[in-house]
Protein chains: 2
Amino acid sequence: MAQAPPIDKRRQILDAAVRVFARQGFHSTRVADIADEAGVAYGLVYHYFKSKDEVLNELFSERWSLMLAAIEETEDNGATPRERLDTVAAFIVDSYRHDPELMKVIIVEVTRAANSFGRTHLAEIRNAYDLIARIVEEGQAQGAFRSDVDPVFASMYFYGAIEQLLSGWIFDLIPSGEEDFERAKALVVETICSGLEPR
Amino acid sequence: MAQAPPIDKRRQILDAAVRVFARQGFHSTRVADIADEAGVAYGLVYHYFKSKDEVLNELFSERWSLMLAAIEETEDNGATPRERLDTVAAFIVDSYRHDPELMKVIIVEVTRAANSFGRTHLAEIRNAYDLIARIVEEGQAQGAFRSDVDPVFASMYFYGAIEQLLSGWIFDLIPSGEEDFERAKALVVETICSGLEPR
DNA sequence: CTGCCGATTGACTGGTCAGTCAGCCAGTCG
DNA sequence: CGACTGGCTGACTGACCAGTCAATCGGCAG
């Protein structure tokens, strides 16, 4: 029957997992739910993944490494620290806009679930904070940012502030229209940078 | 044997639960672990609580209501908006300093676990954001804060920034000495308020 | 056509717990 | 002293599910 493109079942399972995890949360998702959602047999999940955990790990790492790459890339173009923070904020917000379910899963089940999966990925997560801290440091070296703020602290609350906004969207605490995304992006960066700039 | 003060077993169970939840996380804590830690029989947990969930709910609500009260209290004394935000930040940071394990449990298992317990307590959590938003509004009305920032957005990232700092302490991403707590408190408020003040 | 192999299937199992419950014991009252 | 009460005990059960595995399928090479 020439079902020409042999659909990538592995991908199909990952995509289904995002939807189910986003809907029910990781813990109350049965492997059977993933298989059903993917329209695939139960056992096939274990053909492609060692365990239910590995499915989530894969989802997280796939996306997180993209973010790390995006932050690192800002080092090369001669952007100012503030522009670079802008890029970082934009990347995160756009990630959400582009695939809210995936970001919900990553934030709710990994990034903010430091006791379970967060533990496993602490190194990767920390990596992001460090990259952001380096941007702040650069700003301080250039005199664009006040230097009495510990760069790691600053990176923590810069990232924390953005993630909290995503949480707000995820759980409908704040409005999430196109304009809201844009306004939020600009606002966080502006507020925090204003706070970081010398008086 | 006059074991005079009939030790409050209920309290004993709650306190034990905090320790165990903090150590292992809610999901990998068995009710038996709580009972053991409390030095109490398994069944007694069910004598005082309807379910394992209810233990966590109780812990959260006990503490969260204190925080809500603390925020509300700042309305009465004639403090400036900035001083009030200072008080809020201080309350949260001091809560952590005073009982890190309890705050870890609350943040990790409830506040940031929006898919499971966070869901249940969304209203209470939202309550806190609203109270903070009201402080920002007041600041805007007085002209102390720029008014082109949505107060709810501002409250989200104010709270998010602080919570991220706590997470940093909880998971040893940033140093946590006495001075660090004090510096952090001052810094977040200052940074964010600077960002909120008119240029 | 046959044999081979990886993809795919889904029934089944082993282990894990949350929550139940039948009863014990210490104190108290009549 | 005997009956009663309620905090307290912990063995037991029913449900649930992650992960296993033996069997089937489908395409392709010989």
# chains A, B, ... in the order shown; residues from 1 in each chain; ligands from 1
$ closest_atom_pairs --of "chain B" --to "chain D" --cutoff "7 Å" --atoms "only C-alpha atoms (C1' of nucleotides)" --output "JSON lines"
{"residue": "B:Ala41", "atom": "CA", "partner": "D:DT9", "partner_atom": "C1'", "distance": 5.9}
{"residue": "B:Tyr42", "atom": "CA", "partner": "D:DG10", "partner_atom": "C1'", "distance": 6.7}
{"residue": "B:Gly43", "atom": "CA", "partner": "D:DT9", "partner_atom": "C1'", "distance": 6.8}
{"residue": "B:Leu44", "atom": "CA", "partner": "D:DC8", "partner_atom": "C1'", "distance": 6.5}
$ residues_around --residues "range 120-133 of chain B" --least-positions-apart "4" --cutoff "7 Å" --atoms "only C-alpha atoms (C1' of nucleotides)" --output "number ranges by chain"
B: 68, 137, 151-152, 154-156
$ atom_distance --atom1 "CA of Pro100 in chain A" --atom2 "CA of Arg112 in chain B"
17.1 Å
$ select_by_dssp --residues "range 62-143 of chain B" --states "helix (DSSP H, G or I)" --output "JSON, numbers by chain"
{"B": [62, 63, 64, 65, 66, 67, 68, 69, 70, 71, 72, 73, 81, 82, 83, 84, 85, 86, 87, 88, 89, 90, 91, 92, 93, 94, 95, 96, 97, 98, 100, 101, 102, 103, 104, 105, 106, 107, 108, 109, 110, 111, 117, 118, 119, 120, 121, 122, 123, 124, 125, 126, 127, 128, 129, 130, 131, 132, 133, 134, 135, 136, 137, 138, 139, 140, 141]}
$ interface_residues --of "chain A" --to "chain B" --cutoff "7 Å" --atoms "only C-alpha atoms" --output "list in words"
Gly25, Val108, Arg112, Ala113, Ala114, Asn115, Met156, Tyr157, Phe158, Gly160, Ala161, Ile162, Gln164, Leu165, Thr191, Ile192, Ser194, Gly195 and Leu196 of chain A
$ write_last_selection --atoms "C-alpha atoms" --output "PDB file, in the first residue's frame"
ATOM      1  CA  GLY A  25       1.052  15.589  34.545  1.00  0.00           C
ATOM      2  CA  VAL A 108       6.265  21.863  35.497  1.00  0.00           C
ATOM      3  CA  ARG A 112      10.402  23.287  38.781  1.00  0.00           C
ATOM      4  CA  ALA A 113      10.279  19.717  39.966  1.00  0.00           C
ATOM      5  CA  ALA A 114      13.677  19.866  41.478  1.00  0.00           C
ATOM      6  CA  ASN A 115      13.005  16.946  43.758  1.00  0.00           C
ATOM      7  CA  MET A 156      18.698  33.490  39.123  1.00  0.00           C
ATOM      8  CA  TYR A 157      16.072  36.108  39.399  1.00  0.00           C
ATOM      9  CA  PHE A 158      16.199  37.079  35.777  1.00  0.00           C
ATOM     10  CA  GLY A 160      13.034  33.077  37.762  1.00  0.00           C
ATOM     11  CA  ALA A 161      11.057  36.097  36.717  1.00  0.00           C
ATOM     12  CA  ILE A 162      10.618  34.824  33.175  1.00  0.00           C
ATOM     13  CA  GLN A 164       7.147  32.739  36.619  1.00  0.00           C
ATOM     14  CA  LEU A 165       5.547  34.571  33.737  1.00  0.00           C
ATOM     15  CA  THR A 191      12.507  46.223  34.392  1.00  0.00           C
ATOM     16  CA  ILE A 192      15.350  43.989  35.340  1.00  0.00           C
ATOM     17  CA  SER A 194      16.797  49.140  34.717  1.00  0.00           C
ATOM     18  CA  GLY A 195      17.341  47.574  38.084  1.00  0.00           C
ATOM     19  CA  LEU A 196      20.774  46.405  37.100  1.00  0.00           C
TER      20      LEU A 196
END
$ interface_residues --of "chain C" --to "chain B" --cutoff "12 Å" --atoms "only C-alpha atoms (C1' of nucleotides)" --output "ChimeraX atom specification"
/C:16-21,26-27
$ write_last_selection --atoms "N, CA and C atoms (P, O5', C5', C4', C3', O3' and C1' of nucleotides)" --output "short mmCIF file (atom, residue, chain, number, x, y, z; two decimals), in the first residue's frame"
data_model
loop_
_atom_site.label_atom_id
_atom_site.label_comp_id
_atom_site.auth_asym_id
_atom_site.auth_seq_id
_atom_site.Cartn_x
_atom_site.Cartn_y
_atom_site.Cartn_z
P DT C 16 8.88 -4.03 45.98
"O5'" DT C 16 8.05 -2.67 45.92
"C5'" DT C 16 7.69 -2.12 44.63
"C4'" DT C 16 6.56 -1.14 44.82
"C3'" DT C 16 6.46 -0.59 46.25
"O3'" DT C 16 6.15 0.79 46.16
"C1'" DT C 16 4.41 -1.53 45.64
P DC C 17 6.71 1.79 47.30
"O5'" DC C 17 5.75 1.65 48.53
"C5'" DC C 17 4.52 1.07 48.33
"C4'" DC C 17 3.46 2.13 48.01
"C3'" DC C 17 2.94 2.84 49.24
"O3'" DC C 17 2.18 3.98 48.86
"C1'" DC C 17 1.48 1.09 48.59
P DA C 18 1.95 5.15 49.99
"O5'" DA C 18 0.38 5.36 49.94
"C5'" DA C 18 -0.25 5.71 48.71
"C4'" DA C 18 -1.73 5.44 48.80
"C3'" DA C 18 -2.44 6.12 49.96
"O3'" DA C 18 -3.75 6.49 49.52
"C1'" DA C 18 -2.59 3.76 50.23
P DG C 19 -4.65 7.43 50.41
"O5'" DG C 19 -5.51 6.38 51.23
"C5'" DG C 19 -6.34 5.50 50.46
"C4'" DG C 19 -6.86 4.39 51.34
"C3'" DG C 19 -7.50 4.82 52.66
"O3'" DG C 19 -8.78 4.20 52.71
"C1'" DG C 19 -6.01 3.06 53.02
P DT C 20 -9.76 4.28 53.96
"O5'" DT C 20 -9.85 2.77 54.46
"C5'" DT C 20 -9.98 1.72 53.50
"C4'" DT C 20 -10.10 0.39 54.23
"C3'" DT C 20 -11.05 0.40 55.43
"O3'" DT C 20 -11.75 -0.84 55.40
"C1'" DT C 20 -8.91 -0.29 56.15
P DC C 21 -13.12 -0.98 56.19
"O5'" DC C 21 -12.67 -1.91 57.40
"C5'" DC C 21 -11.71 -2.94 57.15
"C4'" DC C 21 -11.30 -3.57 58.48
"C3'" DC C 21 -12.28 -3.30 59.61
"O3'" DC C 21 -12.28 -4.41 60.47
"C1'" DC C 21 -10.20 -2.48 60.23
P DA C 26 -1.50 -0.45 79.11
"O5'" DA C 26 -1.34 1.14 79.30
"C5'" DA C 26 -1.70 2.01 78.22
"C4'" DA C 26 -2.44 3.22 78.76
"C3'" DA C 26 -2.42 3.37 80.29
"O3'" DA C 26 -2.37 4.76 80.57
"C1'" DA C 26 -4.66 3.07 79.57
P DG C 27 -2.30 5.31 82.06
"O5'" DG C 27 -3.67 6.09 82.20
"C5'" DG C 27 -4.01 7.09 81.25
"C4'" DG C 27 -5.50 7.35 81.33
"C3'" DG C 27 -5.99 7.74 82.73
"O3'" DG C 27 -6.84 8.87 82.59
"C1'" DG C 27 -7.29 5.98 81.89
#
$ calpha_fit_and_write --fixed "chain B" --moving "chain A" --output "PDB file with C-alpha atoms, in the first residue's frame"
ATOM      1  CA  MET A   1       4.319   7.526  84.892  1.00  0.00           C
ATOM      2  CA  ALA A   2       2.941  11.032  84.510  1.00  0.00           C
ATOM      3  CA  GLN A   3       4.291  11.572  81.005  1.00  0.00           C
ATOM      4  CA  ALA A   4       2.852  14.911  81.925  1.00  0.00           C
ATOM      5  CA  PRO A   5       2.446  16.795  78.647  1.00  0.00           C
ATOM      6  CA  PRO A   6       0.460  14.465  76.393  1.00  0.00           C
ATOM      7  CA  ILE A   7       2.611  15.075  73.369  1.00  0.00           C
ATOM      8  CA  ASP A   8       0.563  16.283  70.465  1.00  0.00           C
ATOM      9  CA  LYS A   9       0.844  13.344  68.123  1.00  0.00           C
ATOM     10  CA  ARG A  10      -0.840  15.192  65.327  1.00  0.00           C
ATOM     11  CA  ARG A  11       1.808  17.887  65.451  1.00  0.00           C
ATOM     12  CA  GLN A  12       4.469  15.232  65.747  1.00  0.00           C
ATOM     13  CA  ILE A  13       3.219  13.646  62.536  1.00  0.00           C
ATOM     14  CA  LEU A  14       3.143  16.951  60.691  1.00  0.00           C
ATOM     15  CA  ASP A  15       6.672  17.789  61.762  1.00  0.00           C
ATOM     16  CA  ALA A  16       7.927  14.378  60.776  1.00  0.00           C
ATOM     17  CA  ALA A  17       6.205  14.703  57.418  1.00  0.00           C
ATOM     18  CA  VAL A  18       8.061  17.949  56.724  1.00  0.00           C
ATOM     19  CA  ARG A  19      11.366  16.241  57.315  1.00  0.00           C
ATOM     20  CA  VAL A  20      10.559  13.231  55.201  1.00  0.00           C
ATOM     21  CA  PHE A  21       8.962  15.176  52.368  1.00  0.00           C
ATOM     22  CA  ALA A  22      11.949  17.503  52.295  1.00  0.00           C
ATOM     23  CA  ARG A  23      14.325  14.580  52.181  1.00  0.00           C
ATOM     24  CA  GLN A  24      12.611  12.301  49.688  1.00  0.00           C
ATOM     25  CA  GLY A  25       9.939  14.355  48.024  1.00  0.00           C
ATOM     26  CA  PHE A  26       6.229  13.769  48.451  1.00  0.00           C
ATOM     27  CA  HIS A  27       5.840  11.127  45.782  1.00  0.00           C
ATOM     28  CA  SER A  28       8.533   8.828  46.979  1.00  0.00           C
ATOM     29  CA  THR A  29       7.498   9.124  50.582  1.00  0.00           C
ATOM     30  CA  ARG A  30       5.451   6.183  51.885  1.00  0.00           C
ATOM     31  CA  VAL A  31       3.028   6.799  54.664  1.00  0.00           C
ATOM     32  CA  ALA A  32       5.085   4.290  56.606  1.00  0.00           C
ATOM     33  CA  ASP A  33       8.088   6.616  56.325  1.00  0.00           C
ATOM     34  CA  ILE A  34       6.140   9.408  57.966  1.00  0.00           C
ATOM     35  CA  ALA A  35       4.935   7.149  60.740  1.00  0.00           C
ATOM     36  CA  ASP A  36       8.437   5.818  61.357  1.00  0.00           C
ATOM     37  CA  GLU A  37       9.959   9.280  61.405  1.00  0.00           C
ATOM     38  CA  ALA A  38       7.288  10.390  63.852  1.00  0.00           C
ATOM     39  CA  GLY A  39       7.825   7.306  65.992  1.00  0.00           C
ATOM     40  CA  VAL A  40       4.180   6.462  65.676  1.00  0.00           C
ATOM     41  CA  ALA A  41       2.117   3.586  64.329  1.00  0.00           C
ATOM     42  CA  TYR A  42       1.159   3.507  60.687  1.00  0.00           C
ATOM     43  CA  GLY A  43      -2.536   3.676  61.364  1.00  0.00           C
ATOM     44  CA  LEU A  44      -2.287   6.762  63.529  1.00  0.00           C
ATOM     45  CA  VAL A  45      -1.532   8.882  60.517  1.00  0.00           C
ATOM     46  CA  TYR A  46      -4.985   7.953  59.254  1.00  0.00           C
ATOM     47  CA  HIS A  47      -6.496   8.667  62.620  1.00  0.00           C
ATOM     48  CA  TYR A  48      -5.471  12.302  62.287  1.00  0.00           C
ATOM     49  CA  PHE A  49      -5.543  12.761  58.533  1.00  0.00           C
ATOM     50  CA  LYS A  50      -7.900  11.583  55.860  1.00  0.00           C
ATOM     51  CA  SER A  51      -5.071  10.781  53.478  1.00  0.00           C
ATOM     52  CA  LYS A  52      -1.424  11.307  52.710  1.00  0.00           C
ATOM     53  CA  ASP A  53      -2.437  14.262  50.562  1.00  0.00           C
ATOM     54  CA  GLU A  54      -4.190  15.896  53.452  1.00  0.00           C
ATOM     55  CA  VAL A  55      -0.967  15.951  55.423  1.00  0.00           C
ATOM     56  CA  LEU A  56       0.710  18.010  52.742  1.00  0.00           C
ATOM     57  CA  ASN A  57      -2.323  20.216  52.277  1.00  0.00           C
ATOM     58  CA  GLU A  58      -2.321  20.983  55.966  1.00  0.00           C
ATOM     59  CA  LEU A  59       1.362  21.874  55.956  1.00  0.00           C
ATOM     60  CA  PHE A  60       0.918  24.194  53.018  1.00  0.00           C
ATOM     61  CA  SER A  61      -2.192  25.940  54.241  1.00  0.00           C
ATOM     62  CA  GLU A  62      -0.823  26.497  57.714  1.00  0.00           C
ATOM     63  CA  ARG A  63       2.166  28.351  56.388  1.00  0.00           C
ATOM     64  CA  TRP A  64       0.638  30.056  53.401  1.00  0.00           C
ATOM     65  CA  SER A  65      -2.094  31.660  55.444  1.00  0.00           C
ATOM     66  CA  LEU A  66       0.573  33.151  57.682  1.00  0.00           C
ATOM     67  CA  MET A  67       2.167  34.693  54.627  1.00  0.00           C
ATOM     68  CA  LEU A  68      -1.086  36.085  53.343  1.00  0.00           C
ATOM     69  CA  ALA A  69      -1.719  37.583  56.757  1.00  0.00           C
ATOM     70  CA  ALA A  70       1.745  39.108  56.792  1.00  0.00           C
ATOM     71  CA  ILE A  71       1.209  40.749  53.423  1.00  0.00           C
ATOM     72  CA  GLU A  72      -2.177  42.053  54.384  1.00  0.00           C
ATOM     73  CA  GLU A  73      -0.817  43.507  57.591  1.00  0.00           C
ATOM     74  CA  THR A  74       1.441  45.819  55.629  1.00  0.00           C
ATOM     75  CA  GLU A  75      -1.655  47.627  54.480  1.00  0.00           C
ATOM     76  CA  ASP A  76      -2.303  49.101  57.872  1.00  0.00           C
ATOM     77  CA  ASN A  77       0.964  50.692  58.849  1.00  0.00           C
ATOM     78  CA  GLY A  78       1.619  53.719  56.721  1.00  0.00           C
ATOM     79  CA  ALA A  79       4.557  52.170  54.882  1.00  0.00           C
ATOM     80  CA  THR A  80       5.515  53.144  51.352  1.00  0.00           C
ATOM     81  CA  PRO A  81       4.946  50.601  48.584  1.00  0.00           C
ATOM     82  CA  ARG A  82       8.613  49.921  48.442  1.00  0.00           C
ATOM     83  CA  GLU A  83       8.822  49.343  52.161  1.00  0.00           C
ATOM     84  CA  ARG A  84       5.881  47.033  51.891  1.00  0.00           C
ATOM     85  CA  LEU A  85       7.559  44.990  49.164  1.00  0.00           C
ATOM     86  CA  ASP A  86      10.565  44.918  51.431  1.00  0.00           C
ATOM     87  CA  THR A  87       8.445  43.421  54.176  1.00  0.00           C
ATOM     88  CA  VAL A  88       7.033  40.810  51.852  1.00  0.00           C
ATOM     89  CA  ALA A  89      10.454  39.777  50.592  1.00  0.00           C
ATOM     90  CA  ALA A  90      11.765  39.702  54.132  1.00  0.00           C
ATOM     91  CA  PHE A  91       8.906  37.530  55.308  1.00  0.00           C
ATOM     92  CA  ILE A  92       9.510  34.963  52.607  1.00  0.00           C
ATOM     93  CA  VAL A  93      13.263  34.895  53.007  1.00  0.00           C
ATOM     94  CA  ASP A  94      12.966  34.717  56.787  1.00  0.00           C
ATOM     95  CA  SER A  95      10.467  31.900  56.490  1.00  0.00           C
ATOM     96  CA  TYR A  96      13.114  29.989  54.669  1.00  0.00           C
ATOM     97  CA  ARG A  97      15.807  30.903  57.121  1.00  0.00           C
ATOM     98  CA  HIS A  98      13.593  29.880  59.998  1.00  0.00           C
ATOM     99  CA  ASP A  99      12.425  26.559  58.582  1.00  0.00           C
ATOM    100  CA  PRO A 100      14.172  25.621  55.345  1.00  0.00           C
ATOM    101  CA  GLU A 101      12.666  22.161  55.219  1.00  0.00           C
ATOM    102  CA  LEU A 102       9.108  23.403  55.429  1.00  0.00           C
ATOM    103  CA  MET A 103       9.704  26.036  52.776  1.00  0.00           C
ATOM    104  CA  LYS A 104      11.369  23.487  50.561  1.00  0.00           C
ATOM    105  CA  VAL A 105       8.339  21.258  50.792  1.00  0.00           C
ATOM    106  CA  ILE A 106       5.925  24.103  50.152  1.00  0.00           C
ATOM    107  CA  ILE A 107       7.801  25.391  47.153  1.00  0.00           C
ATOM    108  CA  VAL A 108       8.845  22.125  45.603  1.00  0.00           C
ATOM    109  CA  GLU A 109       5.678  20.163  46.240  1.00  0.00           C
ATOM    110  CA  VAL A 110       2.989  22.803  46.041  1.00  0.00           C
ATOM    111  CA  THR A 111       3.855  26.215  44.731  1.00  0.00           C
ATOM    112  CA  ARG A 112       5.944  24.882  41.875  1.00  0.00           C
ATOM    113  CA  ALA A 113       4.076  21.650  41.394  1.00  0.00           C
ATOM    114  CA  ALA A 114       1.210  23.299  39.685  1.00  0.00           C
ATOM    115  CA  ASN A 115       0.095  20.101  38.041  1.00  0.00           C
ATOM    116  CA  SER A 116      -0.552  18.227  41.236  1.00  0.00           C
ATOM    117  CA  PHE A 117      -0.932  20.122  44.476  1.00  0.00           C
ATOM    118  CA  GLY A 118      -0.511  23.523  42.995  1.00  0.00           C
ATOM    119  CA  ARG A 119      -3.781  22.848  41.207  1.00  0.00           C
ATOM    120  CA  THR A 120      -5.576  22.314  44.490  1.00  0.00           C
ATOM    121  CA  HIS A 121      -4.162  25.442  46.020  1.00  0.00           C
ATOM    122  CA  LEU A 122      -4.202  27.655  42.982  1.00  0.00           C
ATOM    123  CA  ALA A 123      -6.714  29.980  44.584  1.00  0.00           C
ATOM    124  CA  GLU A 124      -4.595  30.496  47.691  1.00  0.00           C
ATOM    125  CA  ILE A 125      -1.472  30.992  45.627  1.00  0.00           C
ATOM    126  CA  ARG A 126      -3.180  33.423  43.347  1.00  0.00           C
ATOM    127  CA  ASN A 127      -4.317  35.282  46.392  1.00  0.00           C
ATOM    128  CA  ALA A 128      -0.737  36.107  47.218  1.00  0.00           C
ATOM    129  CA  TYR A 129      -0.044  37.408  43.734  1.00  0.00           C
ATOM    130  CA  ASP A 130      -3.110  39.591  43.948  1.00  0.00           C
ATOM    131  CA  LEU A 131      -2.082  41.080  47.251  1.00  0.00           C
ATOM    132  CA  ILE A 132       1.343  41.906  45.861  1.00  0.00           C
ATOM    133  CA  ALA A 133      -0.220  43.329  42.732  1.00  0.00           C
ATOM    134  CA  ARG A 134      -2.265  45.619  44.912  1.00  0.00           C
ATOM    135  CA  ILE A 135       0.894  46.993  46.464  1.00  0.00           C
ATOM    136  CA  VAL A 136       2.273  47.722  43.015  1.00  0.00           C
ATOM    137  CA  GLU A 137      -0.960  49.412  42.031  1.00  0.00           C
ATOM    138  CA  GLU A 138      -0.758  51.611  45.068  1.00  0.00           C
ATOM    139  CA  GLY A 139       2.778  52.545  44.099  1.00  0.00           C
ATOM    140  CA  GLN A 140       1.601  53.470  40.650  1.00  0.00           C
ATOM    141  CA  ALA A 141      -1.261  55.532  42.010  1.00  0.00           C
ATOM    142  CA  GLN A 142       1.206  57.458  44.156  1.00  0.00           C
ATOM    143  CA  GLY A 143       3.490  57.949  41.198  1.00  0.00           C
ATOM    144  CA  ALA A 144       6.267  56.018  42.918  1.00  0.00           C
ATOM    145  CA  PHE A 145       6.150  53.311  40.241  1.00  0.00           C
ATOM    146  CA  ARG A 146       5.863  53.731  36.504  1.00  0.00           C
ATOM    147  CA  SER A 147       2.361  52.960  35.395  1.00  0.00           C
ATOM    148  CA  ASP A 148       3.082  51.267  32.073  1.00  0.00           C
ATOM    149  CA  VAL A 149       3.716  47.984  33.869  1.00  0.00           C
ATOM    150  CA  ASP A 150       0.777  45.703  34.485  1.00  0.00           C
ATOM    151  CA  PRO A 151       0.670  45.251  38.271  1.00  0.00           C
ATOM    152  CA  VAL A 152      -0.170  41.583  37.950  1.00  0.00           C
ATOM    153  CA  PHE A 153       2.848  41.011  35.688  1.00  0.00           C
ATOM    154  CA  ALA A 154       5.015  42.877  38.131  1.00  0.00           C
ATOM    155  CA  SER A 155       3.748  40.863  41.059  1.00  0.00           C
ATOM    156  CA  MET A 156       4.383  37.652  39.130  1.00  0.00           C
ATOM    157  CA  TYR A 157       7.982  38.354  38.518  1.00  0.00           C
ATOM    158  CA  PHE A 158       8.586  39.911  41.878  1.00  0.00           C
ATOM    159  CA  TYR A 159       7.368  36.740  43.516  1.00  0.00           C
ATOM    160  CA  GLY A 160       9.011  34.547  40.872  1.00  0.00           C
ATOM    161  CA  ALA A 161      12.348  36.177  41.442  1.00  0.00           C
ATOM    162  CA  ILE A 162      12.226  35.568  45.179  1.00  0.00           C
ATOM    163  CA  GLU A 163      11.049  32.018  44.814  1.00  0.00           C
ATOM    164  CA  GLN A 164      13.856  31.342  42.398  1.00  0.00           C
ATOM    165  CA  LEU A 165      16.337  32.545  44.972  1.00  0.00           C
ATOM    166  CA  LEU A 166      14.844  30.177  47.521  1.00  0.00           C
ATOM    167  CA  SER A 167      15.154  27.407  44.967  1.00  0.00           C
ATOM    168  CA  GLY A 168      18.761  28.363  44.540  1.00  0.00           C
ATOM    169  CA  TRP A 169      19.341  27.966  48.253  1.00  0.00           C
ATOM    170  CA  ILE A 170      17.308  24.804  48.470  1.00  0.00           C
ATOM    171  CA  PHE A 171      19.364  23.126  45.797  1.00  0.00           C
ATOM    172  CA  ASP A 172      22.671  24.662  46.681  1.00  0.00           C
ATOM    173  CA  LEU A 173      22.997  26.634  43.520  1.00  0.00           C
ATOM    174  CA  ILE A 174      23.885  29.769  45.417  1.00  0.00           C
ATOM    175  CA  PRO A 175      25.591  30.244  48.769  1.00  0.00           C
ATOM    176  CA  SER A 176      23.340  30.458  51.791  1.00  0.00           C
ATOM    177  CA  GLY A 177      24.985  32.123  54.723  1.00  0.00           C
ATOM    178  CA  GLU A 178      23.303  34.662  57.000  1.00  0.00           C
ATOM    179  CA  GLU A 179      24.786  37.540  55.017  1.00  0.00           C
ATOM    180  CA  ASP A 180      23.632  36.006  51.762  1.00  0.00           C
ATOM    181  CA  PHE A 181      20.047  36.028  52.987  1.00  0.00           C
ATOM    182  CA  GLU A 182      20.266  39.649  53.994  1.00  0.00           C
ATOM    183  CA  ARG A 183      22.008  40.726  50.827  1.00  0.00           C
ATOM    184  CA  ALA A 184      19.561  38.814  48.681  1.00  0.00           C
ATOM    185  CA  LYS A 185      16.570  40.374  50.386  1.00  0.00           C
ATOM    186  CA  ALA A 186      17.834  43.886  49.887  1.00  0.00           C
ATOM    187  CA  LEU A 187      19.011  43.176  46.381  1.00  0.00           C
ATOM    188  CA  VAL A 188      15.866  41.720  44.895  1.00  0.00           C
ATOM    189  CA  VAL A 189      13.722  44.469  46.258  1.00  0.00           C
ATOM    190  CA  GLU A 190      16.146  47.126  45.194  1.00  0.00           C
ATOM    191  CA  THR A 191      16.662  45.736  41.725  1.00  0.00           C
ATOM    192  CA  ILE A 192      13.019  45.233  41.052  1.00  0.00           C
ATOM    193  CA  CYS A 193      11.935  48.519  42.571  1.00  0.00           C
ATOM    194  CA  SER A 194      14.585  50.368  40.606  1.00  0.00           C
ATOM    195  CA  GLY A 195      13.111  48.727  37.569  1.00  0.00           C
ATOM    196  CA  LEU A 196       9.642  49.785  38.555  1.00  0.00           C
ATOM    197  CA  GLU A 197      10.462  53.362  39.419  1.00  0.00           C
ATOM    198  CA  PRO A 198      10.062  56.008  36.731  1.00  0.00           C
ATOM    199  CA  ARG A 199      13.317  56.683  34.934  1.00  0.00           C
TER     200      ARG A 199
END
